[in-house]
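Next up, protein15.cif (mmCIF, C-alpha atoms):
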data_structure
#
loop_
_atom_site.label_atom_id
_atom_site.label_comp_id
_atom_site.auth_asym_id
_atom_site.auth_seq_id
_atom_site.Cartn_x
_atom_site.Cartn_y
_atom_site.Cartn_z
CA MET A 1 0.00 0.00 0.00
CA SER A 2 1.28 3.44 -0.79
CA CYS A 3 2.69 5.68 1.89
CA CYS A 4 -0.18 8.10 1.44
CA SER A 5 -2.76 5.32 1.29
CA MET A 6 -1.22 3.51 4.23
CA LEU A 7 -0.91 6.63 6.33
CA PHE A 8 -4.34 8.02 5.60
CA GLY A 9 -6.37 4.91 4.85
CA THR A 10 -6.77 3.14 1.52
CA CYS A 11 -7.47 5.55 -1.29
CA ASN A 12 -10.22 4.35 -3.57
CA THR A 13 -12.61 5.86 -6.05
CA HIS A 14 -14.69 7.26 -3.22
CA GLY A 15 -12.12 9.60 -1.72
CA PRO A 16 -9.06 11.73 -2.32
CA CYS A 17 -5.48 10.75 -1.64
CA SER A 18 -3.54 14.01 -1.86
CA CYS A 19 -1.03 14.83 0.84
CA SER A 20 0.33 18.33 0.20
CA SER A 21 -2.66 20.18 -1.18
CA ASP A 22 -5.17 22.53 0.34
CA THR A 23 -8.37 20.47 0.31
CA SER A 24 -10.61 21.02 3.29
CA THR A 25 -12.41 17.69 2.90
CA MET A 26 -9.21 15.72 2.68
CA HIS A 27 -8.80 12.53 4.71
CA GLY A 28 -11.41 13.33 7.32
CA GLY A 29 -9.40 12.51 10.44
CA SER A 30 -8.88 14.67 13.51
CA LEU A 31 -5.92 15.61 15.67
CA ARG A 32 -5.05 13.61 18.77
CA ALA A 33 -3.43 14.47 22.05
CA ASP A 34 -0.12 12.85 21.03
CA ASP A 35 0.09 14.52 17.62
CA PHE A 36 3.49 16.06 17.10
CA PHE A 37 4.54 19.22 15.25
CA PRO A 38 8.29 19.22 14.55
CA ASP A 39 10.71 22.00 15.46
CA PRO A 40 8.01 24.62 16.20
CA TYR A 41 8.91 28.27 15.83
CA ASP A 42 8.74 30.43 18.95
CA ALA A 43 8.17 34.09 18.05
CA VAL A 44 9.37 35.29 21.47
CA LEU A 45 12.54 33.21 21.83
CA LYS A 46 13.18 33.13 18.08
CA THR A 47 13.83 29.41 18.26
CA GLY A 48 12.60 26.59 16.09
CA ARG A 49 12.05 26.59 12.36
CA TRP A 50 8.46 25.82 11.33
CA ARG A 51 5.52 28.09 12.04
CA ARG A 52 2.35 26.05 12.08
CA LEU A 53 -0.42 27.55 9.95
CA ARG A 54 -3.08 24.84 9.84
CA VAL A 55 -3.78 21.15 9.33
CA LEU A 56 -4.17 20.08 5.71
CA GLY A 57 -5.16 16.50 6.46
CA SER A 58 -4.93 13.72 9.02
CA GLY A 59 -5.34 9.98 9.16
CA GLY A 60 -4.48 6.85 11.05
CA LEU A 61 -0.71 7.13 10.91
CA ALA A 62 0.16 10.69 9.87
CA VAL A 63 -0.82 14.34 9.95
CA VAL A 64 -0.07 16.86 7.20
CA TYR A 65 0.45 20.47 8.24
CA LEU A 66 0.74 23.67 6.28
CA ALA A 67 3.77 25.43 7.73
CA GLU A 68 6.06 28.35 7.04
CA ASP A 69 9.85 28.13 7.08
CA MET A 70 10.97 30.87 9.49
CA LYS A 71 14.71 30.13 9.34
CA GLY A 72 15.24 29.12 5.72
CA SER A 73 13.96 30.20 2.32
CA LEU A 74 11.36 27.53 1.60
CA GLY A 75 8.35 29.69 2.43
CA LYS A 76 5.07 27.81 2.79
CA VAL A 77 5.46 24.04 2.75
CA ALA A 78 3.56 20.87 3.63
CA LEU A 79 4.95 18.74 6.48
CA LYS A 80 3.88 15.10 6.56
CA VAL A 81 4.51 13.90 10.13
CA LEU A 82 4.12 10.32 11.36
CA ARG A 83 2.01 9.65 14.41
CA SER A 84 3.36 7.84 17.46
CA GLN A 85 1.92 4.43 16.52
CA ALA A 86 3.69 4.38 13.13
CA GLN A 87 6.33 1.67 12.79
CA PRO A 88 9.86 1.93 11.29
CA VAL A 89 8.64 0.40 8.02
CA HIS A 90 6.22 3.31 7.67
CA ALA A 91 9.08 5.75 8.17
CA PHE A 92 11.07 3.92 5.51
CA GLU A 93 8.22 4.17 3.03
CA LEU A 94 8.00 7.88 3.74
CA HIS A 95 11.77 8.11 3.24
CA ARG A 96 11.64 6.18 -0.04
CA GLU A 97 8.78 8.36 -1.27
CA ALA A 98 10.85 11.47 -0.64
CA PHE A 99 14.01 10.07 -2.15
CA TRP A 100 12.40 9.15 -5.47
CA SER A 101 11.98 12.89 -5.78
CA LEU A 102 15.27 13.98 -4.18
CA THR A 103 17.55 11.51 -6.01
CA ARG A 104 15.72 10.96 -9.30
CA LEU A 105 12.86 13.09 -10.54
CA HIS A 106 13.99 16.44 -9.11
CA CYS A 107 17.73 15.82 -8.82
CA ARG A 108 19.60 18.31 -11.02
CA GLN A 109 22.69 16.08 -11.02
CA HIS A 110 20.85 13.05 -12.40
CA VAL A 111 21.66 12.28 -16.04
CA ARG A 112 17.95 12.00 -16.92
CA TYR A 113 16.82 15.12 -15.09
CA ASP A 114 14.42 17.29 -17.10
CA PRO A 115 13.41 20.55 -15.37
CA LEU A 116 10.18 20.89 -17.35
CA ARG A 117 8.89 17.37 -16.79
CA ALA A 118 10.09 17.35 -13.18
CA LYS A 119 7.52 20.09 -12.56
CA LEU A 120 4.80 17.53 -13.34
CA PHE A 121 5.47 15.87 -9.96
CA VAL A 122 5.11 17.11 -6.40
CA LYS A 123 8.57 18.10 -5.19
CA TYR A 124 9.97 16.79 -1.92
CA LEU A 125 12.32 19.27 -0.32
CA GLU A 126 13.74 17.59 2.78
CA ASP A 127 13.79 14.18 4.43
CA HIS A 128 13.69 14.02 8.24
CA THR A 129 12.74 10.36 8.63
CA GLY A 130 16.02 9.21 10.19
CA PHE A 131 16.67 6.92 7.24
CA ASP A 132 18.38 9.77 5.41
CA ARG A 133 21.17 9.61 7.98
CA GLN A 134 21.29 5.81 8.04
CA GLY A 135 21.83 5.74 4.28
CA ALA A 136 24.56 8.38 4.25
CA LEU A 137 27.35 5.85 3.65
CA GLU A 138 25.68 4.00 0.78
CA SER A 139 23.86 4.96 -2.37
CA PHE A 140 20.09 5.29 -2.32
CA GLU A 141 19.82 2.18 -4.53
CA GLU A 142 21.93 0.09 -2.15
CA HIS A 143 20.05 1.53 0.81
CA ARG A 144 16.67 0.84 -0.79
CA ARG A 145 17.47 -2.71 -1.89
CA ARG A 146 18.81 -3.64 1.55
CA HIS A 147 15.60 -2.58 3.26
CA GLU A 148 13.36 -4.03 0.55
CA ALA A 149 14.94 -7.48 0.94
CA GLU A 150 12.45 -10.07 2.12
CA ASP A 151 14.71 -11.24 4.94
CA PHE A 152 15.35 -7.75 6.35
CA ASP A 153 14.62 -7.73 10.07
CA TRP A 154 12.60 -4.61 10.89
CA THR A 155 12.90 -5.33 14.61
CA GLU A 156 16.55 -4.24 14.30
CA ILE A 157 15.47 -0.66 13.63
CA ARG A 158 15.39 1.27 16.86
CA SER A 159 13.02 4.09 17.60
CA PHE A 160 14.10 7.41 16.12
CA ALA A 161 15.17 10.32 18.27
CA THR A 162 12.47 12.56 16.77
CA ARG A 163 9.17 11.87 15.02
CA PRO A 164 9.86 11.14 11.32
CA TYR A 165 8.58 13.66 8.79
CA VAL A 166 9.20 14.96 5.27
CA VAL A 167 8.94 18.43 3.77
CA MET A 168 7.08 18.87 0.48
CA GLU A 169 6.17 21.81 -1.68
CA TYR A 170 2.75 23.20 -0.89
CA LEU A 171 0.39 22.75 -3.81
CA PRO A 172 -2.48 25.19 -4.33
CA GLY A 173 -5.57 24.11 -6.22
CA GLN A 174 -7.79 21.04 -5.98
CA VAL A 175 -7.52 17.29 -6.28
CA LEU A 176 -8.78 16.21 -9.70
CA TRP A 177 -10.99 13.52 -8.20
CA ASP A 178 -12.80 16.07 -6.04
CA ILE A 179 -13.67 18.04 -9.16
CA LEU A 180 -14.70 15.04 -11.27
CA SER A 181 -16.82 13.55 -8.48
CA GLN A 182 -18.41 16.96 -7.79
CA ARG A 183 -17.34 16.82 -4.15
CA LEU A 184 -16.46 20.50 -4.44
CA LYS A 185 -18.71 23.26 -5.72
CA THR A 186 -16.64 24.33 -8.69
CA SER A 187 -17.00 24.56 -12.43
CA PRO A 188 -16.66 21.27 -14.35
CA ILE A 189 -13.53 20.37 -16.29
CA THR A 190 -13.63 21.85 -19.79
CA SER A 191 -12.61 19.97 -22.93
CA GLU A 192 -9.56 22.24 -23.20
CA GLU A 193 -8.54 21.39 -19.63
CA ARG A 194 -9.10 17.65 -20.22
CA GLN A 195 -6.75 17.75 -23.17
CA ALA A 196 -4.11 19.65 -21.19
CA ILE A 197 -4.38 17.20 -18.28
CA LEU A 198 -4.02 14.15 -20.52
CA ILE A 199 -0.99 15.61 -22.30
CA GLN A 200 0.73 16.47 -19.00
CA VAL A 201 0.00 13.05 -17.48
CA ALA A 202 1.37 11.37 -20.61
CA LYS A 203 4.56 13.44 -20.34
CA ALA A 204 4.84 12.47 -16.66
CA CYS A 205 4.58 8.78 -17.58
CA LEU A 206 7.27 9.16 -20.23
CA TYR A 207 9.53 10.86 -17.66
CA LEU A 208 9.02 7.94 -15.28
CA GLN A 209 9.78 5.51 -18.08
CA GLU A 210 13.08 7.26 -18.79
CA HIS A 211 13.95 6.85 -15.11
CA GLN A 212 12.86 3.18 -15.31
CA LEU A 213 10.22 3.67 -12.61
CA ILE A 214 6.64 2.43 -12.24
CA HIS A 215 4.29 4.71 -10.30
CA ARG A 216 1.58 2.02 -9.77
CA ASP A 217 -1.04 4.41 -8.41
CA LEU A 218 -1.86 6.83 -11.21
CA ARG A 219 -5.46 7.98 -10.85
CA PRO A 220 -7.47 11.19 -10.31
CA CYS A 221 -7.10 11.21 -6.52
CA ASN A 222 -3.33 11.47 -6.98
CA LEU A 223 -3.47 14.34 -9.45
CA GLN A 224 -3.50 17.91 -8.18
CA LEU A 225 -4.99 20.52 -10.49
CA CYS A 226 -2.90 23.55 -9.51
CA ARG A 227 -4.17 25.91 -12.18
CA ARG A 228 -7.18 25.93 -14.46
CA GLY A 229 -8.14 27.53 -17.74
CA ARG A 230 -5.66 28.24 -20.51
CA GLN A 231 -2.72 27.79 -18.11
CA CYS A 232 -4.06 24.49 -16.75
CA GLN A 233 -1.38 22.73 -14.68
CA VAL A 234 -1.51 19.30 -13.09
CA LYS A 235 0.95 17.59 -10.72
CA LEU A 236 1.28 13.89 -9.97
CA MET A 237 1.41 13.10 -6.25
CA ASP A 238 2.04 10.14 -3.95
CA LEU A 239 5.24 8.33 -4.89
CA GLY A 240 4.93 5.88 -2.01
CA VAL A 241 4.37 2.70 -4.04
CA MET A 242 6.71 3.59 -6.90
CA ILE A 243 9.24 0.87 -7.69
CA ALA A 244 12.24 0.45 -9.97
CA VAL A 245 12.21 -1.71 -13.07
CA GLY A 246 14.31 -4.88 -13.06
CA ALA A 247 17.75 -4.55 -14.67
CA SER A 248 17.04 -7.40 -17.10
CA ARG A 249 13.97 -5.57 -18.35
CA VAL A 250 15.97 -2.40 -18.89
CA GLN A 251 18.60 -4.27 -20.93
CA ARG A 252 15.95 -5.98 -23.05
CA ARG A 253 14.42 -2.61 -23.89
CA GLU A 254 17.83 -1.26 -24.91
CA ASP A 255 18.45 -4.35 -27.07
CA CYS A 256 15.14 -3.79 -28.84
CA ARG A 257 16.01 -0.17 -29.55
CA SER A 258 19.45 -1.01 -30.98
CA SER A 259 18.32 -4.01 -33.01
CA GLN A 260 18.49 -3.69 -36.80
CA THR A 261 15.07 -5.34 -36.87
CA PRO A 262 12.98 -3.25 -34.46
CA LEU A 263 11.04 -5.36 -32.01
CA ALA A 264 8.27 -4.34 -29.68
CA PRO A 265 9.99 -3.49 -26.38
CA PRO A 266 8.83 -5.58 -23.42
CA PRO A 267 6.58 -3.75 -20.98
CA LEU A 268 8.09 -2.20 -17.89
CA ALA A 269 7.70 -4.61 -15.00
CA ALA A 270 8.77 -4.91 -11.40
CA GLU A 271 12.07 -6.43 -10.43
CA PRO A 272 11.63 -10.23 -10.20
CA ALA A 273 12.71 -10.21 -6.56
CA LEU A 274 9.97 -7.72 -5.72
CA ARG A 275 7.32 -9.63 -7.62
CA ALA A 276 7.88 -12.71 -5.46
CA SER A 277 8.63 -10.82 -2.27
CA CYS A 278 6.62 -10.59 0.92
CA SER A 279 8.72 -7.72 2.20
CA LEU A 280 6.81 -5.24 4.35
CA ALA A 281 8.58 -2.43 2.53
CA VAL A 282 7.15 -3.30 -0.89
CA ARG A 283 3.97 -5.27 -0.21
CA VAL A 284 0.96 -3.27 -1.32
CA PHE A 285 -2.13 -5.38 -0.82
CA GLY A 286 -3.13 -8.70 0.65
CA ALA A 287 -2.72 -12.22 -0.65
CA GLN A 288 -5.96 -12.01 -2.64
CA ARG A 289 -4.03 -10.33 -5.46
CA SER A 290 -1.70 -12.04 -7.87
CA PRO A 291 1.97 -10.91 -7.93
CA LYS A 292 1.33 -9.00 -11.16
CA GLU A 293 -1.64 -7.19 -9.71
CA GLY A 294 0.08 -6.61 -6.40
CA TYR A 295 3.49 -5.47 -7.55
CA ASP A 296 3.14 -3.99 -11.01
CA TRP A 297 -0.30 -2.39 -11.02
CA LEU A 298 -2.71 -1.15 -8.38
CA PRO A 299 -5.48 -0.53 -7.70
CA PRO A 300 -7.72 -2.46 -10.15
CA GLU A 301 -9.30 0.70 -11.59
CA VAL A 302 -5.88 1.83 -12.83
#
Target encoding structure tokens, full file:
Amino acid sequence: MSCCSMLFGTCNTHGPCSCSSDTSTMHGGSLRADDFFPDPYDAVLKTGRWRRLRVLGSGGLAVVYLAEDMKGSLGKVALKVLRSQAQPVHAFELHREAFWSLTRLHCRQHVRYDPLRAKLFVKYLEDHTGFDRQGALESFEEHRRRHEAEDFDWTEIRSFATRPYVVMEYLPGQVLWDILSQRLKTSPITSEERQAILIQVAKACLYLQEHQLIHRDLRPCNLQLCRRGRQCQVKLMDLGVMIAVGASRVQRREDCRSSQTPLAPPPLAAEPALRASCSLAVRVFGAQRSPKEGYDWLPPEV
């Protein structure tokens, strides 16, 4: 299950799944006595970093706040903070979600970085899950694969010194599903906007393909419509269930491209180890789904 779905409850066609947008109906949930706001800014003592503005959403395992960076230059951001009952595997999924953005899609040093297409995805700005420090001595790929291994013992992970959280860009606008389902009193999507949305989503998928990644949860509740009209802009959210394509699949695609007799490239598919894995870090749904359904594509309406 995706980080957003896991943290806020399964996202289906009856509800939104955004995590950094300003949607008043989002996720339902309410704050609890043990809810934690990280590094709060004190206007008198001039200590702390984040000034809490309001709650954007809450659920079983996390709360998302709108905050303002009082010590840096980030301005208004969304903080996704785990609740006390969240386990280390949840923190790792939050970490992995952030690092797909930090090390791939929005990383200027990456060979496949494209500034225009990177803007089609919600941008993660900082990772404060604790796993960012644990992985400092190894690459993100090595770090990810070690924790995704089926025999990884999650009981070895000790509690973190502070509550894990990530910092994301704050997205104005509305979740596409809320507009399509008429949950919000707003004007319907125009034919011009539909065309713009489809083109941008297609470009986002091509960008993922170049990075050899599978999103696995592409649907209206994970699309934020930031602007409407002639300057219609959409952003793809929730990278929590995204996985990398197996190396053998990547090589086969390259062979097809370089062949003198062009062949249809094989479809992108999950790494074989993930497809057969029961790892808590990559498992998405229960045993009622086949490996293909569970590890390459979800949910069924996709």
request  = Mind giving me the straight-line distance from atom CA of A:Val81 to atom CA of A:Lys235 in Å, one decimal?
outcome  =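 Taking atom CA of A:Val81 as the start and atom CA of A:Lys235 as the end point, the length is 21.5 Å.
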Explicit residues for the PyMOL selection byres ((chain A and resi 236) around 12) (as a PDB file with C-alpha atoms, in the frame of the given file):
ATOM      1  CA  CYS A  17      -5.480  10.750  -1.640  1.00  0.00           C
ATOM      2  CA  SER A  18      -3.540  14.010  -1.860  1.00  0.00           C
ATOM      3  CA  CYS A  19      -1.030  14.830   0.840  1.00  0.00           C
ATOM      4  CA  SER A  20       0.330  18.330   0.200  1.00  0.00           C
ATOM      5  CA  SER A  21      -2.660  20.180  -1.180  1.00  0.00           C
ATOM      6  CA  SER A 101      11.980  12.890  -5.780  1.00  0.00           C
ATOM      7  CA  LEU A 105      12.860  13.090 -10.540  1.00  0.00           C
ATOM      8  CA  ARG A 117       8.890  17.370 -16.790  1.00  0.00           C
ATOM      9  CA  ALA A 118      10.090  17.350 -13.180  1.00  0.00           C
ATOM     10  CA  LYS A 119       7.520  20.090 -12.560  1.00  0.00           C
ATOM     11  CA  LEU A 120       4.800  17.530 -13.340  1.00  0.00           C
ATOM     12  CA  PHE A 121       5.470  15.870  -9.960  1.00  0.00           C
ATOM     13  CA  VAL A 122       5.110  17.110  -6.400  1.00  0.00           C
ATOM     14  CA  LYS A 123       8.570  18.100  -5.190  1.00  0.00           C
ATOM     15  CA  LEU A 171       0.390  22.750  -3.810  1.00  0.00           C
ATOM     16  CA  VAL A 175      -7.520  17.290  -6.280  1.00  0.00           C
ATOM     17  CA  LEU A 176      -8.780  16.210  -9.700  1.00  0.00           C
ATOM     18  CA  ILE A 197      -4.380  17.200 -18.280  1.00  0.00           C
ATOM     19  CA  LEU A 198      -4.020  14.150 -20.520  1.00  0.00           C
ATOM     20  CA  GLN A 200       0.730  16.470 -19.000  1.00  0.00           C
ATOM     21  CA  VAL A 201       0.000  13.050 -17.480  1.00  0.00           C
ATOM     22  CA  ALA A 202       1.370  11.370 -20.610  1.00  0.00           C
ATOM     23  CA  LYS A 203       4.560  13.440 -20.340  1.00  0.00           C
ATOM     24  CA  ALA A 204       4.840  12.470 -16.660  1.00  0.00           C
ATOM     25  CA  CYS A 205       4.580   8.780 -17.580  1.00  0.00           C
ATOM     26  CA  TYR A 207       9.530  10.860 -17.660  1.00  0.00           C
ATOM     27  CA  LEU A 208       9.020   7.940 -15.280  1.00  0.00           C
ATOM     28  CA  HIS A 215       4.290   4.710 -10.300  1.00  0.00           C
ATOM     29  CA  ARG A 216       1.580   2.020  -9.770  1.00  0.00           C
ATOM     30  CA  ASP A 217      -1.040   4.410  -8.410  1.00  0.00           C
ATOM     31  CA  LEU A 218      -1.860   6.830 -11.210  1.00  0.00           C
ATOM     32  CA  ARG A 219      -5.460   7.980 -10.850  1.00  0.00           C
ATOM     33  CA  PRO A 220      -7.470  11.190 -10.310  1.00  0.00           C
ATOM     34  CA  CYS A 221      -7.100  11.210  -6.520  1.00  0.00           C
ATOM     35  CA  ASN A 222      -3.330  11.470  -6.980  1.00  0.00           C
ATOM     36  CA  LEU A 223      -3.470  14.340  -9.450  1.00  0.00           C
ATOM     37  CA  GLN A 224      -3.500  17.910  -8.180  1.00  0.00           C
ATOM     38  CA  LEU A 225      -4.990  20.520 -10.490  1.00  0.00           C
ATOM     39  CA  CYS A 226      -2.900  23.550  -9.510  1.00  0.00           C
ATOM     40  CA  GLN A 233      -1.380  22.730 -14.680  1.00  0.00           C
ATOM     41  CA  VAL A 234      -1.510  19.300 -13.090  1.00  0.00           C
ATOM     42  CA  LYS A 235       0.950  17.590 -10.720  1.00  0.00           C
ATOM     43  CA  MET A 237       1.410  13.100  -6.250  1.00  0.00           C
ATOM     44  CA  ASP A 238       2.040  10.140  -3.950  1.00  0.00           C
ATOM     45  CA  LEU A 239       5.240   8.330  -4.890  1.00  0.00           C
ATOM     46  CA  GLY A 240       4.930   5.880  -2.010  1.00  0.00           C
TER      47      GLY A 240
END
task = Report as a VMD selection string the full result of the PyMOL selection byres ((chain A and resi 169) around 10) when it is applied to this structure.
result = chain A and resid 20 to 21 66 74 to 79 122 to 126 167 to 168 170 to 172
message = Applying the PyMOL selection byres ((chain A and resi 229) around 9) to the file I just gave you, which residues come out? Please list them as a PyMOL selection string.
response = chain A and resi 190+192-193+227-228+230-233
For C-alpha atoms, I'd like the residues from the last selection saved as an mmCIF file, keeping the file's coordinate frame.
data_model
loop_
_atom_site.group_PDB
_atom_site.id
_atom_site.type_symbol
_atom_site.label_atom_id
_atom_site.label_comp_id
_atom_site.auth_asym_id
_atom_site.auth_seq_id
_atom_site.Cartn_x
_atom_site.Cartn_y
_atom_site.Cartn_z
ATOM 1 C CA THR A 190 -13.630 21.850 -19.790
ATOM 2 C CA GLU A 192 -9.560 22.240 -23.200
ATOM 3 C CA GLU A 193 -8.540 21.390 -19.630
ATOM 4 C CA ARG A 227 -4.170 25.910 -12.180
ATOM 5 C CA ARG A 228 -7.180 25.930 -14.460
ATOM 6 C CA ARG A 230 -5.660 28.240 -20.510
ATOM 7 C CA GLN A 231 -2.720 27.790 -18.110
ATOM 8 C CA CYS A 232 -4.060 24.490 -16.750
ATOM 9 C CA GLN A 233 -1.380 22.730 -14.680
#
request  = Kindly give the distance, in Å, that separates atom CA of A:Lys71 and atom CA of A:Leu56, rounded to a single decimal.
outcome  = 21.7 Å
